[in-house]
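Listing of entry-v1.tsv, TSV, C-alpha atoms
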```tsv
chain	number	residue	atom	x	y	z
A	1	LEU	CA	0.00	0.00	0.00
A	2	LEU	CA	1.15	3.51	-0.74
A	3	GLY	CA	0.83	5.63	2.37
A	4	SER	CA	-1.57	8.53	2.42
A	5	SER	CA	-1.16	11.82	4.26
A	6	ASP	CA	-2.50	12.26	7.79
A	7	ASN	CA	-6.10	13.33	8.16
A	8	MET	CA	-5.90	16.36	10.44
A	9	PHE	CA	-9.61	16.59	11.19
A	10	PRO	CA	-10.65	15.95	14.81
A	11	SER	CA	-12.79	12.97	15.68
A	12	SER	CA	-16.42	13.95	15.24
A	13	GLY	CA	-19.74	12.53	14.15
A	14	ILE	CA	-20.95	13.77	10.76
A	15	ARG	CA	-24.44	12.31	10.62
A	16	LYS	CA	-26.39	9.18	11.40
A	17	LEU	CA	-27.43	7.08	8.44
A	18	ALA	CA	-31.03	7.45	7.38
A	19	ARG	CA	-33.25	4.44	7.97
A	20	SER	CA	-33.21	3.71	4.24
A	21	GLU	CA	-29.37	3.69	4.32
A	22	GLU	CA	-29.05	1.23	7.19
A	23	MET	CA	-29.04	-1.69	4.73
A	24	PHE	CA	-25.87	-0.27	3.13
A	25	ALA	CA	-24.13	-0.56	6.51
A	26	GLU	CA	-25.56	-3.99	7.29
A	27	THR	CA	-24.25	-5.35	3.97
A	28	HIS	CA	-21.00	-3.31	3.78
A	29	ASN	CA	-22.24	-1.96	0.45
A	30	PHE	CA	-19.49	-0.33	-1.62
A	31	VAL	CA	-19.93	0.89	-5.21
A	32	GLY	CA	-16.97	0.51	-7.57
A	33	LEU	CA	-16.28	2.56	-10.68
A	34	GLY	CA	-13.28	1.54	-12.76
A	35	ALA	CA	-11.41	2.68	-15.86
A	36	GLU	CA	-8.93	1.05	-18.23
A	37	VAL	CA	-5.90	3.23	-18.88
A	38	LYS	CA	-3.42	2.64	-21.71
A	39	GLY	CA	0.20	3.55	-21.20
A	40	THR	CA	2.38	3.94	-18.13
A	41	VAL	CA	0.72	5.05	-14.92
A	42	ASP	CA	2.69	6.77	-12.18
A	43	ALA	CA	1.50	5.04	-9.00
A	44	ASP	CA	3.05	7.71	-6.77
A	45	ALA	CA	1.22	10.48	-8.64
A	46	MET	CA	-2.02	8.47	-8.44
A	47	SER	CA	-1.51	8.15	-4.68
A	48	GLU	CA	-0.95	11.91	-4.40
A	49	ALA	CA	-4.06	12.59	-6.49
A	50	PHE	CA	-6.02	10.30	-4.16
A	51	ASP	CA	-4.70	12.26	-1.16
A	52	ALA	CA	-5.90	15.48	-2.81
A	53	LEU	CA	-9.34	13.94	-3.33
A	54	LEU	CA	-9.57	13.11	0.38
A	55	GLN	CA	-8.47	16.62	1.32
A	56	ALA	CA	-11.03	18.20	-1.00
A	57	HIS	CA	-13.82	15.97	0.35
A	58	PRO	CA	-13.00	15.24	4.02
A	59	VAL	CA	-16.04	13.03	4.52
A	60	LEU	CA	-14.38	10.45	2.24
A	61	GLY	CA	-11.79	9.96	4.97
A	62	GLY	CA	-14.44	8.91	7.47
A	63	HIS	CA	-15.71	5.55	8.61
A	64	LEU	CA	-18.85	4.02	10.10
A	65	GLU	CA	-19.42	3.41	13.79
A	66	GLN	CA	-22.39	1.65	15.32
A	67	SER	CA	-23.94	3.23	18.40
A	68	PRO	CA	-25.40	1.23	21.33
A	69	ASP	CA	-28.90	1.71	19.90
A	70	GLY	CA	-27.82	-0.09	16.71
A	71	ARG	CA	-27.81	2.99	14.47
A	72	TRP	CA	-24.81	3.65	12.20
A	73	GLU	CA	-23.05	7.00	12.01
A	74	ILE	CA	-20.44	8.51	9.68
A	75	VAL	CA	-17.48	9.60	11.82
A	76	LEU	CA	-14.27	11.49	11.05
A	77	ASP	CA	-11.08	11.06	13.05
A	78	ASP	CA	-7.39	11.95	12.86
A	79	LEU	CA	-6.19	8.51	11.78
A	80	MET	CA	-4.20	8.10	8.57
A	81	HIS	CA	-6.07	6.62	5.61
A	82	PRO	CA	-4.43	3.35	4.47
A	83	GLY	CA	-3.88	4.80	0.97
A	84	ILE	CA	-4.21	3.23	-2.44
A	85	GLU	CA	-3.61	-0.44	-3.18
A	86	VAL	CA	-1.29	-1.32	-6.09
A	87	VAL	CA	-1.59	-4.85	-7.51
A	88	GLU	CA	0.91	-5.98	-10.17
A	89	LEU	CA	-0.20	-8.94	-12.28
A	90	ALA	CA	0.92	-10.75	-15.42
A	91	GLY	CA	-1.06	-12.64	-18.03
A	92	ASP	CA	-4.36	-14.05	-16.82
A	93	ALA	CA	-3.39	-14.14	-13.16
A	94	PRO	CA	-6.48	-13.29	-11.08
A	95	ALA	CA	-6.49	-10.29	-8.81
A	96	PRO	CA	-6.67	-11.01	-5.09
A	97	PRO	CA	-10.15	-10.69	-3.61
A	98	LEU	CA	-11.23	-7.40	-2.10
A	99	ILE	CA	-12.50	-7.47	1.45
A	100	PHE	CA	-14.28	-4.25	2.34
A	101	ASP	CA	-14.50	-3.03	5.91
A	102	GLN	CA	-16.48	0.13	6.55
A	103	THR	CA	-15.24	0.56	10.12
A	104	PRO	CA	-11.76	1.87	9.18
A	105	SER	CA	-12.57	3.50	5.82
A	106	LEU	CA	-15.41	4.34	3.44
A	107	VAL	CA	-13.30	4.73	0.30
A	108	HIS	CA	-10.74	2.47	-1.39
A	109	LEU	CA	-8.67	2.91	-4.55
A	110	ARG	CA	-7.18	-0.20	-6.17
A	111	LEU	CA	-4.72	0.19	-9.04
A	112	ILE	CA	-4.15	-3.01	-11.03
A	113	LEU	CA	-1.09	-3.03	-13.32
A	114	ARG	CA	-1.20	-5.87	-15.84
A	115	ASP	CA	1.14	-6.24	-18.82
A	116	GLY	CA	1.55	-2.51	-19.47
A	117	GLN	CA	-2.08	-1.59	-18.85
A	118	ALA	CA	-3.53	-0.01	-15.74
A	119	GLN	CA	-7.00	-0.40	-14.30
A	120	PRO	CA	-7.78	1.92	-11.39
A	121	THR	CA	-11.05	1.32	-9.57
A	122	LEU	CA	-12.50	3.67	-6.98
A	123	TYR	CA	-14.78	2.07	-4.39
A	124	ILE	CA	-16.98	4.28	-2.19
A	125	HIS	CA	-19.48	3.26	0.45
A	126	HIS	CA	-23.01	3.63	-0.88
A	127	SER	CA	-24.02	5.84	2.05
A	128	LEU	CA	-21.64	8.51	0.70
A	129	ALA	CA	-22.22	8.39	-3.05
A	130	ASP	CA	-24.14	6.66	-5.79
A	131	GLY	CA	-22.84	6.01	-9.29
A	132	HIS	CA	-23.68	9.51	-10.53
A	133	HIS	CA	-21.77	11.28	-7.74
A	134	GLN	CA	-18.94	8.75	-7.93
A	135	PHE	CA	-18.39	9.47	-11.62
A	136	SER	CA	-17.68	13.12	-10.81
A	137	LEU	CA	-15.19	12.04	-8.12
A	138	VAL	CA	-13.37	9.79	-10.60
A	139	GLU	CA	-13.20	12.71	-13.04
A	140	GLU	CA	-11.73	14.88	-10.29
A	141	LEU	CA	-9.20	12.17	-9.40
A	142	PHE	CA	-7.95	11.86	-12.98
A	143	SER	CA	-7.93	15.63	-13.49
A	144	THR	CA	-5.64	16.01	-10.48
A	145	TYR	CA	-3.49	13.07	-11.62
A	146	THR	CA	-3.11	14.67	-15.06
A	147	ASP	CA	-2.00	17.96	-13.48
A	148	LEU	CA	0.57	16.13	-11.35
A	149	VAL	CA	2.18	14.17	-14.18
A	150	THR	CA	2.16	17.08	-16.65
A	151	THR	CA	3.01	20.06	-14.45
A	152	GLY	CA	4.27	18.48	-11.24
A	153	ALA	CA	1.62	20.18	-9.12
A	154	ALA	CA	-2.10	19.89	-8.55
A	155	LYS	CA	-4.45	22.82	-8.89
A	156	PRO	CA	-5.91	23.98	-5.58
A	157	VAL	CA	-9.48	22.77	-5.11
A	158	SER	CA	-11.96	25.33	-3.84
A	159	ALA	CA	-15.73	25.21	-3.83
A	160	PRO	CA	-17.31	28.24	-5.52
A	161	ALA	CA	-19.38	30.36	-3.19
A	162	ALA	CA	-23.08	30.06	-3.83
A	163	ALA	CA	-24.71	33.27	-4.96
A	164	PRO	CA	-27.48	34.44	-2.63
A	165	VAL	CA	-30.96	33.81	-4.01
A	166	GLU	CA	-33.74	36.26	-3.23
A	167	ILE	CA	-37.15	34.62	-3.10
A	168	ASP	CA	-40.39	36.50	-3.62
A	169	HIS	CA	-42.61	34.84	-1.02
A	170	ASP	CA	-45.73	36.05	-2.82
A	171	ALA	CA	-44.57	34.58	-6.15
A	172	PRO	CA	-41.78	32.05	-5.34
A	173	LEU	CA	-41.88	30.40	-8.77
A	174	ALA	CA	-41.61	33.61	-10.77
A	175	ARG	CA	-37.88	33.08	-11.38
A	176	TYR	CA	-38.78	29.83	-13.17
A	177	GLY	CA	-41.20	31.62	-15.48
A	178	ILE	CA	-44.32	30.28	-13.73
A	179	ALA	CA	-46.97	32.96	-13.29
A	180	ALA	CA	-48.35	33.51	-9.79
A	181	ASP	CA	-51.94	32.99	-10.96
A	182	ARG	CA	-51.16	29.35	-11.82
A	183	TYR	CA	-50.76	28.22	-8.20
A	184	ASP	CA	-51.65	29.08	-4.60
A	185	VAL	CA	-49.07	29.81	-1.89
A	186	ILE	CA	-50.00	28.02	1.35
A	187	LYS	CA	-47.86	28.47	4.45
A	188	ALA	CA	-46.62	25.14	5.82
A	189	GLU	CA	-47.93	24.52	9.33
A	190	GLY	CA	-48.40	21.52	11.58
A	191	ILE	CA	-48.18	18.18	9.80
A	192	THR	CA	-47.56	19.89	6.44
A	193	LYS	CA	-44.46	21.56	7.85
A	194	ILE	CA	-43.20	18.25	9.26
A	195	ALA	CA	-43.77	16.49	5.92
A	196	ALA	CA	-41.93	19.27	4.06
A	197	LYS	CA	-38.96	19.02	6.43
A	198	ARG	CA	-38.75	15.24	6.09
A	199	LEU	CA	-38.96	15.41	2.30
A	200	THR	CA	-36.17	18.00	2.28
A	201	ASP	CA	-34.02	15.89	4.64
A	202	SER	CA	-34.46	12.75	2.55
A	203	PHE	CA	-33.68	14.57	-0.70
A	204	ARG	CA	-30.52	16.06	0.84
A	205	ASP	CA	-29.19	13.06	2.79
A	206	ILE	CA	-30.21	9.93	0.91
A	207	PRO	CA	-28.15	8.96	-2.18
A	208	HIS	CA	-30.36	9.04	-5.25
A	209	PHE	CA	-30.41	9.85	-8.94
A	210	PRO	CA	-33.21	11.21	-11.16
A	211	LEU	CA	-35.02	9.10	-13.74
A	212	ASN	CA	-37.23	10.40	-16.53
A	213	VAL	CA	-39.75	8.11	-18.20
A	214	ASP	CA	-41.85	9.05	-21.23
A	215	CYS	CA	-45.14	7.16	-21.49
A	216	ARG	CA	-47.65	7.18	-24.34
A	217	ILE	CA	-51.09	6.94	-22.74
A	218	ASP	CA	-53.27	8.01	-25.69
A	219	ALA	CA	-55.08	4.68	-25.72
A	220	LEU	CA	-55.56	4.81	-21.94
A	221	LEU	CA	-57.03	8.32	-22.08
A	222	ASP	CA	-59.34	7.28	-24.90
A	223	PHE	CA	-60.49	4.27	-22.86
A	224	ARG	CA	-61.07	6.52	-19.82
A	225	LYS	CA	-63.14	8.89	-21.94
A	226	ARG	CA	-65.36	6.06	-23.22
A	227	ILE	CA	-65.84	4.64	-19.69
A	228	ASN	CA	-66.82	8.08	-18.35
A	229	GLU	CA	-69.31	8.58	-21.16
A	230	ALA	CA	-70.89	5.19	-20.53
A	231	ALA	CA	-70.94	5.53	-16.73
A	232	GLY	CA	-73.50	8.29	-16.61
A	233	GLU	CA	-73.65	11.58	-14.73
A	234	GLY	CA	-71.74	11.85	-11.46
A	235	VAL	CA	-69.57	8.76	-11.97
A	236	LYS	CA	-65.88	9.20	-12.75
```

Can I see the file as structure tokens?
Amino acid sequence: LLGSSDNMFPSSGIRKLARSEEMFAETHNFVGLGAEVKGTVDADAMSEAFDALLQAHPVLGGHLEQSPDGRWEIVLDDLMHPGIEVVELAGDAPAPPLIFDQTPSLVHLRLILRDGQAQPTLYIHHSLADGHHQFSLVEELFSTYTDLVTTGAAKPVSAPAAAPVEIDHDAPLARYGIAADRYDVIKAEGITKIAAKRLTDSFRDIPHFPLNVDCRIDALLDFRKRINEAAGEGVK
């Protein structure tokens, strides 16, 4: 293993896993995204790029701990990440099996070197990222690696500051081009406020990705129309 730099963040709990994420902890669920690279790969530069990825996204350096009540929590500490794993193989020799353990680390980078070709694979615990988010992390890893091998230095990573958004509470959808007369604004209170908070929490904390499905329901609408016409007044 190539050593990684010390994680200087103090030990602290980040968040408990949502109920829907508990199964990822119970099954030690890691998602792997790999690439096949042609040409020579500098393992030391790849290790340095991996260090930069951990520094840019500190939560990747965390691990899971189980509390006495059985709930799992993402925790950061000041322990050194074990670093990337380099496996050198020849011919059809099989790679050694991977045994994932979420208690010391939630991310693992394996670099297989076989007959002049390299295959890096980034594994991340599913409570941290799904395939969509992981793809962007792999892009960031290779971008940093490219900078290191071409210029000798990695570009500093900084998150752009979000521009403040002013919301017109009387017409909150106006900035999306939706006229105020097309909807009613109802203040969230009681159970509605609780439901809104839980929907926001689940959207923010639970790994997910959007899916769009186009359905042709012309025949269904025509059938509905004929049923309504035959059903008589007051039946829908």

With distances taken over all atoms listed in the file, the candidate from A:Leu199, A:Val107, A:Leu113, A:Lys16 nearest Ala129 (chain A) is A:Val107

Could you tell me, as a list in words, which residues have any atom at most 12 Å from (-23.6, 5.3, 17.0), counting all atoms listed in the file?
Ser12, Gly13, Ile14, Arg15, Lys16, Leu17, Glu22, His63, Leu64, Glu65, Gln66, Ser67, Pro68, Asp69, Gly70, Arg71, Trp72, Glu73, Ile74, Val75 and Thr103 of chain A

Put the listed atoms of region 116-133 of chain A in a box along x, y and z with 8 Å added on every side and give me the centre and edge lengths in Å to one decimal, as AutoDock Vina command-line options.
```
--center_x -11.3 --center_y 4.4 --center_z -8.7 --size_x 41.7 --size_y 29.8 --size_z 37.5
```

Using all atoms listed in the file, find all polymer residues with an atom at most 12 Å away from the point (2.2, -9.0, -25.8); report them as a PyMOL selection string.
chain A and resi 90-91+114-117

Atom pair CA of Thr40 (chain A) + CA of Pro58 (chain A), distance 29.2 Å

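With only C-alpha atoms as the atoms that count, the minimum distance from Pro120 (chain A) to the choices A:Lys38, A:Arg175, A:Arg216, A:Lys225 is reached by A:Lys38.
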
I'd like the interatomic distance between CA of Thr151 (chain A) and CA of Ile124 (chain A), to a tenth of an Å.
28.3 Å

Using all atoms listed in the file, which of the listed residues (A:Met23, A:Val37, A:Leu53, A:Leu128) sits closest to Ser143 (chain A)?
A:Leu53

Do you know which residues are at most 12 Å from Thr146 (chain A) counting only C-alpha atoms, after dropping those on the same chain fewer than 2 positions away, and could you put them as a list in words?
Val41, Asp42, Ala45, Met46, Glu48, Ala49, Glu139, Glu140, Leu141, Phe142, Ser143, Thr144, Leu148, Val149, Thr150, Thr151, Gly152, Ala153, Ala154 and Lys155 of chain A

For Val138 (chain A), please output as a list in words all residues within 9 Å (counting all atoms listed in the file; exclusion window: fewer than 6 positions along the same chain).
Leu33, Gly34, Thr121 and Leu122 of chain A

Work out how far apart CA of Leu54 (chain A) and CA of Ile112 (chain A) are and give it in Å to one decimal.
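These atoms are spaced 20.5 Å apart.
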
Return the single residue from A:Ala118, A:Met80, A:Cys215, A:Val185 that is closest to Ala35 (chain A), with distances computed using only C-alpha atoms.
A:Ala118

Shell of 10 Å around Lys197 (chain A), only C-alpha atoms, local chain residues under 6 positions omitted, as a PDB file with C-alpha atoms, in the coordinates of the input:
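The result, stored in around_16.pdb:
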```pdb
ATOM      1  CA  ALA A 188     -46.620  25.140   5.820  1.00  0.00           C
ATOM      2  CA  ILE A 191     -48.180  18.180   9.800  1.00  0.00           C
ATOM      3  CA  PHE A 203     -33.680  14.570  -0.700  1.00  0.00           C
TER       4      PHE A 203
END
```

List the spatial neighbours of Glu85 (chain A) as a list of chain:residue names - criterion: any atom at most 12 Å away, all atoms listed in the file, same-chain residues fewer than 3 positions off excluded.
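The filter keeps A:Leu1, A:Leu2, A:Gly3, A:Ser4, A:Ala43, A:Asp44, A:Met46, A:Ser47, A:Phe50, A:His81, A:Pro82, A:Glu88, A:Ala95, A:Pro96, A:Leu98, A:Val107, A:His108, A:Leu109, A:Arg110, A:Leu111, A:Ile112, A:Leu113, A:Gln119, A:Pro120, A:Thr121, A:Leu122, A:Tyr123.
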
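The residue that comes closest to Phe100 (chain A), out of A:Thr192, A:Thr27, A:Gln134, A:Asn212 and on the basis of all atoms listed in the file, is A:Thr27.
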
Pull out region 31-70 of chain A, keep N, CA and C atoms, and write it as a tab-separated table (two decimals), in the first residue's frame.
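Okay, out.tsv is ready:
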```tsv
chain	number	residue	atom	x	y	z
A	31	VAL	N	-19.72	0.79	-3.77
A	31	VAL	CA	-19.93	0.89	-5.21
A	31	VAL	C	-18.59	1.16	-5.87
A	32	GLY	N	-18.25	0.36	-6.88
A	32	GLY	CA	-16.97	0.51	-7.57
A	32	GLY	C	-17.15	1.06	-8.97
A	33	LEU	N	-16.29	1.99	-9.33
A	33	LEU	CA	-16.28	2.56	-10.68
A	33	LEU	C	-14.85	2.52	-11.20
A	34	GLY	N	-14.63	1.75	-12.27
A	34	GLY	CA	-13.28	1.54	-12.76
A	34	GLY	C	-13.06	2.12	-14.15
A	35	ALA	N	-11.79	2.19	-14.54
A	35	ALA	CA	-11.41	2.68	-15.86
A	35	ALA	C	-10.20	1.88	-16.34
A	36	GLU	N	-10.10	1.72	-17.64
A	36	GLU	CA	-8.93	1.05	-18.23
A	36	GLU	C	-8.06	2.10	-18.89
A	37	VAL	N	-6.81	2.19	-18.43
A	37	VAL	CA	-5.90	3.23	-18.88
A	37	VAL	C	-4.78	2.59	-19.70
A	38	LYS	N	-4.51	3.14	-20.87
A	38	LYS	CA	-3.42	2.64	-21.71
A	38	LYS	C	-2.18	3.49	-21.48
A	39	GLY	N	-1.04	2.83	-21.44
A	39	GLY	CA	0.20	3.55	-21.20
A	39	GLY	C	0.65	3.43	-19.75
A	40	THR	N	1.80	4.01	-19.47
A	40	THR	CA	2.38	3.94	-18.13
A	40	THR	C	1.62	4.82	-17.16
A	41	VAL	N	1.37	4.29	-15.98
A	41	VAL	CA	0.72	5.05	-14.92
A	41	VAL	C	1.69	5.22	-13.77
A	42	ASP	N	1.82	6.45	-13.30
A	42	ASP	CA	2.69	6.77	-12.18
A	42	ASP	C	1.91	6.51	-10.89
A	43	ALA	N	2.24	5.41	-10.20
A	43	ALA	CA	1.50	5.04	-9.00
A	43	ALA	C	1.66	6.08	-7.90
A	44	ASP	N	2.84	6.68	-7.80
A	44	ASP	CA	3.05	7.71	-6.77
A	44	ASP	C	2.18	8.93	-7.03
A	45	ALA	N	2.07	9.34	-8.30
A	45	ALA	CA	1.22	10.48	-8.64
A	45	ALA	C	-0.25	10.14	-8.41
A	46	MET	N	-0.65	8.89	-8.70
A	46	MET	CA	-2.02	8.47	-8.44
A	46	MET	C	-2.32	8.52	-6.95
A	47	SER	N	-1.33	8.10	-6.13
A	47	SER	CA	-1.51	8.15	-4.68
A	47	SER	C	-1.66	9.59	-4.21
A	48	GLU	N	-0.86	10.50	-4.78
A	48	GLU	CA	-0.95	11.91	-4.40
A	48	GLU	C	-2.28	12.51	-4.84
A	49	ALA	N	-2.77	12.11	-6.02
A	49	ALA	CA	-4.06	12.59	-6.49
A	49	ALA	C	-5.18	12.08	-5.58
A	50	PHE	N	-5.03	10.87	-5.09
A	50	PHE	CA	-6.02	10.30	-4.16
A	50	PHE	C	-6.01	11.07	-2.84
A	51	ASP	N	-4.80	11.43	-2.36
A	51	ASP	CA	-4.70	12.26	-1.16
A	51	ASP	C	-5.44	13.59	-1.35
A	52	ALA	N	-5.25	14.20	-2.53
A	52	ALA	CA	-5.90	15.48	-2.81
A	52	ALA	C	-7.42	15.33	-2.83
A	53	LEU	N	-7.90	14.18	-3.31
A	53	LEU	CA	-9.34	13.94	-3.33
A	53	LEU	C	-9.89	13.87	-1.90
A	54	LEU	N	-9.14	13.20	-1.01
A	54	LEU	CA	-9.57	13.11	0.38
A	54	LEU	C	-9.54	14.47	1.06
A	55	GLN	N	-8.56	15.29	0.72
A	55	GLN	CA	-8.47	16.62	1.32
A	55	GLN	C	-9.59	17.53	0.82
A	56	ALA	N	-9.97	17.37	-0.44
A	56	ALA	CA	-11.03	18.20	-1.00
A	56	ALA	C	-12.40	17.78	-0.48
A	57	HIS	N	-12.54	16.49	-0.14
A	57	HIS	CA	-13.82	15.97	0.35
A	57	HIS	C	-13.55	15.20	1.64
A	58	PRO	N	-13.41	15.89	2.76
A	58	PRO	CA	-13.00	15.24	4.02
A	58	PRO	C	-13.88	14.08	4.44
A	59	VAL	N	-15.16	14.10	4.08
A	59	VAL	CA	-16.04	13.03	4.52
A	59	VAL	C	-15.60	11.68	3.94
A	60	LEU	N	-14.87	11.70	2.82
A	60	LEU	CA	-14.38	10.45	2.24
A	60	LEU	C	-13.38	9.77	3.16
A	61	GLY	N	-12.76	10.53	4.04
A	61	GLY	CA	-11.79	9.96	4.97
A	61	GLY	C	-12.43	9.41	6.23
A	62	GLY	N	-13.75	9.38	6.28
A	62	GLY	CA	-14.44	8.91	7.47
A	62	GLY	C	-14.64	7.41	7.49
A	63	HIS	N	-15.37	6.96	8.49
A	63	HIS	CA	-15.71	5.55	8.61
A	63	HIS	C	-17.05	5.44	9.33
A	64	LEU	N	-17.58	4.24	9.44
A	64	LEU	CA	-18.85	4.02	10.10
A	64	LEU	C	-18.63	3.45	11.50
A	65	GLU	N	-19.41	3.96	12.43
A	65	GLU	CA	-19.42	3.41	13.79
A	65	GLU	C	-20.87	3.12	14.16
A	66	GLN	N	-21.05	2.04	14.90
A	66	GLN	CA	-22.39	1.65	15.32
A	66	GLN	C	-22.59	2.04	16.78
A	67	SER	N	-23.65	2.77	17.05
A	67	SER	CA	-23.94	3.23	18.40
A	67	SER	C	-24.65	2.13	19.19
A	68	PRO	N	-24.75	2.27	20.51
A	68	PRO	CA	-25.40	1.23	21.33
A	68	PRO	C	-26.84	0.94	20.92
A	69	ASP	N	-27.52	1.94	20.31
A	69	ASP	CA	-28.90	1.71	19.90
A	69	ASP	C	-29.00	1.01	18.55
A	70	GLY	N	-27.83	0.64	17.97
A	70	GLY	CA	-27.82	-0.09	16.71
A	70	GLY	C	-27.74	0.77	15.47
```
